[in-house]
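Read through the structure below, which is laid out as structure tokens, and then see the notes.
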Amino acid sequence: MNIPGTLLDEGWFWAAWLVWLPLFVRCVWRAPWLRFRESTHLNLWLGMIVALMLLWSMKAGVQPGLSLHFIGATVLTLCFGPQLAFIGLSLVAAAVTLNSGSGWLAYGLNTLLGAGVGVGLSQLLYRLLSTALPRHFFVYIFVNGFFATALMVVGVGFVVSVLLAVAGAYTWDYLFAEYFPYFILLGFAEAWLSGMAMTLFVVYCPGWVVTFDDARYLANK
């Protein structure tokens, strides 16, 4: 997300910092850092962060705060779990903020919307869908990789639109007629990219994906 620090009252930004900071500390404390004892996993995590820095920098928008870009929360969450995914996307947001020179006041809010909501929805959908649906390879790919990604992007767009409307930055009619519908299109695009990435990972390098288990999704199928 790319909400500038001048779009909303400062109270919104400081409130977001009060939520983001303890959440980030909690993730750092509880993250499975031992996973990075294998340099391959650390290199993959860092490589994804760099790739997402580029994707977050390539954004489209016509009004202040009304920008769209790929999020990448689902792939990071499926590969590394919610804590490392949130930390990774927080680093992505920090790099984008530093590169754009837009100021740090809005960093907490932008990170909560992109990383917090994105990772939270991705983890929630993974748990719900994994419990409700059969344990099958194609279910994992098409549901968790494709479908859940699209829902995550639409969910992030909905939360951003509601926040901007409640804060009085733009009207409800304008946001849900001229801004939110684009998240549906973005959701389809990111779903294809995420689905293809997860397919390649689980086929060729299943050890890279912490949520994928051969015994669960492939044995006796």
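Starting from 1 in every chain, residues are counted up; chains themselves are A, B, ... following the order of the structure tokens, and ligands are numbered from 1 as listed.
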
Wanna dump the region 116-158 of chain A-region 97-110 of chain A contacts at 12 Å for me, each residue with its shortest atom pair and the distance in Å to one decimal, counting only C-alpha atoms, ordered by chain and number, as CSV?
```
residue,atom,partner,partner_atom,distance
A:Gly116,CA,A:Asn110,CA,9.1
A:Val117,CA,A:Asn110,CA,10.2
A:Gly118,CA,A:Asn110,CA,11.3
A:Val156,CA,A:Asn110,CA,11.2
```

- Would you please extract all helix (DSSP H, G or I) residues from region 71-128 of chain A, as assigned by DSSP on the backbone, and give them as a PyMOL selection string? chain A and resi 73-80+82-100+107-128

Atoms to include: C-alpha atoms. Write the selected residues as a short mmCIF file (atom, residue, chain, number, x, y, z; two decimals), in the first residue's frame.
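See selection17.cif below for the written result:
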```cif
data_model
loop_
_atom_site.label_atom_id
_atom_site.label_comp_id
_atom_site.auth_asym_id
_atom_site.auth_seq_id
_atom_site.Cartn_x
_atom_site.Cartn_y
_atom_site.Cartn_z
CA ALA A 73 1.64 -12.37 1.07
CA THR A 74 0.24 -15.78 0.18
CA VAL A 75 3.45 -17.19 -1.30
CA LEU A 76 5.53 -15.97 1.65
CA THR A 77 3.01 -17.33 4.16
CA LEU A 78 2.79 -20.74 2.52
CA CYS A 79 6.56 -21.02 2.16
CA PHE A 80 7.70 -19.66 5.54
CA PRO A 82 3.00 -16.12 9.05
CA GLN A 83 5.76 -14.74 11.30
CA LEU A 84 8.54 -14.78 8.71
CA ALA A 85 6.09 -13.64 6.05
CA PHE A 86 5.09 -10.59 8.10
CA ILE A 87 8.72 -9.76 8.89
CA GLY A 88 9.67 -10.13 5.23
CA LEU A 89 6.88 -7.89 3.98
CA SER A 90 7.70 -5.33 6.68
CA LEU A 91 11.24 -5.21 5.27
CA VAL A 92 9.80 -4.83 1.77
CA ALA A 93 7.63 -1.91 2.92
CA ALA A 94 10.64 -0.30 4.65
CA ALA A 95 12.73 -0.51 1.48
CA VAL A 96 9.92 0.94 -0.65
CA THR A 97 9.36 3.75 1.86
CA LEU A 98 13.08 4.56 1.91
CA ASN A 99 13.37 4.47 -1.88
CA SER A 100 10.29 6.59 -2.51
CA TYR A 107 4.97 3.30 7.26
CA GLY A 108 3.09 1.58 10.09
CA LEU A 109 -0.28 1.97 8.39
CA ASN A 110 0.94 0.91 4.95
CA THR A 111 2.68 -2.13 6.42
CA LEU A 112 -0.36 -3.15 8.43
CA LEU A 113 -2.56 -2.96 5.34
CA GLY A 114 -0.22 -4.78 2.98
CA ALA A 115 1.68 -7.14 5.29
CA GLY A 116 -0.64 -7.44 8.29
CA VAL A 117 -3.94 -7.88 6.49
CA GLY A 118 -2.34 -9.82 3.63
CA VAL A 119 -0.53 -12.34 5.81
CA GLY A 120 -3.43 -12.58 8.26
CA LEU A 121 -5.91 -13.40 5.52
CA SER A 122 -3.49 -15.82 3.85
CA GLN A 123 -2.94 -17.75 7.08
CA LEU A 124 -6.65 -17.74 7.94
CA LEU A 125 -7.64 -19.01 4.50
CA TYR A 126 -4.93 -21.68 4.57
CA ARG A 127 -6.16 -23.02 7.91
CA LEU A 128 -9.83 -22.92 6.96
#
```

- Item | Nearest to His136 (chain A) by atom-to-atom distance, counting only C-alpha atoms, from A:Gly5, A:Arg35, A:Trp192, A:Phe212 | A:Phe212

- Item | Computed interatomic separation between CA of Trp172 (chain A) and CA of Val160 (chain A) (Å) |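 About the pair CA of Trp172 (chain A) and CA of Val160 (chain A): they are 11.6 Å apart.
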
- Message: Residues near Lys59 (chain A), anyone? I mean within 9 Å using only C-alpha atoms, not counting same-chain ones fewer than 2 positions away, as a ChimeraX atom specification.
- Response: /A:2,55-57,61,67-70

- Nearest candidate to Leu129 (chain A) (options A:Pro64, A:Leu21, A:Gly145, A:Phe36; using only C-alpha atoms): A:Gly145

- Identify which of the residues A:Gly72, A:Ser39, A:Leu8, A:Trp14 lies closest to Ala165 (chain A), counting only C-alpha atoms when measuring atom-to-atom distances.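 Once distances to Ala165 (chain A) are computed over only C-alpha atoms, the minimum belongs to A:Leu8.
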
- Query: What separation in Å, quoted to one decimal, exists between CA of Gly65 (chain A) and CA of Trp17 (chain A)?
  - Reply: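 The value is 17.8 Å.
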
- Item | Selected residue of minimal separation from Tyr179 (chain A) among A:Phe142, A:Trp208, A:Phe158, A:Phe147, counting only C-alpha atoms |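 Going through A:Phe142, A:Trp208, A:Phe158, A:Phe147 one by one, the smallest distance to Tyr179 (chain A) is for A:Phe158.
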
- Measure the distance from CA of Ile71 (chain A) to CA of Leu151 (chain A) in Å and round it to one decimal.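 Here the two named atoms are 12.2 Å from each other.
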
- Message: I'd like the neighbourhood of Gly157 (chain A) as a ChimeraX atom specification, where a residue qualifies if any of its atoms comes within 9 Å (using only C-alpha atoms), though same-chain residues fewer than 3 positions away should be ignored.
- Response: /A:68,113,152-154,160-162,179-184

- Nearest candidate to Leu193 (chain A) (options A:Ala150, A:Leu164, A:Leu34, A:Val210; using only C-alpha atoms): A:Ala150
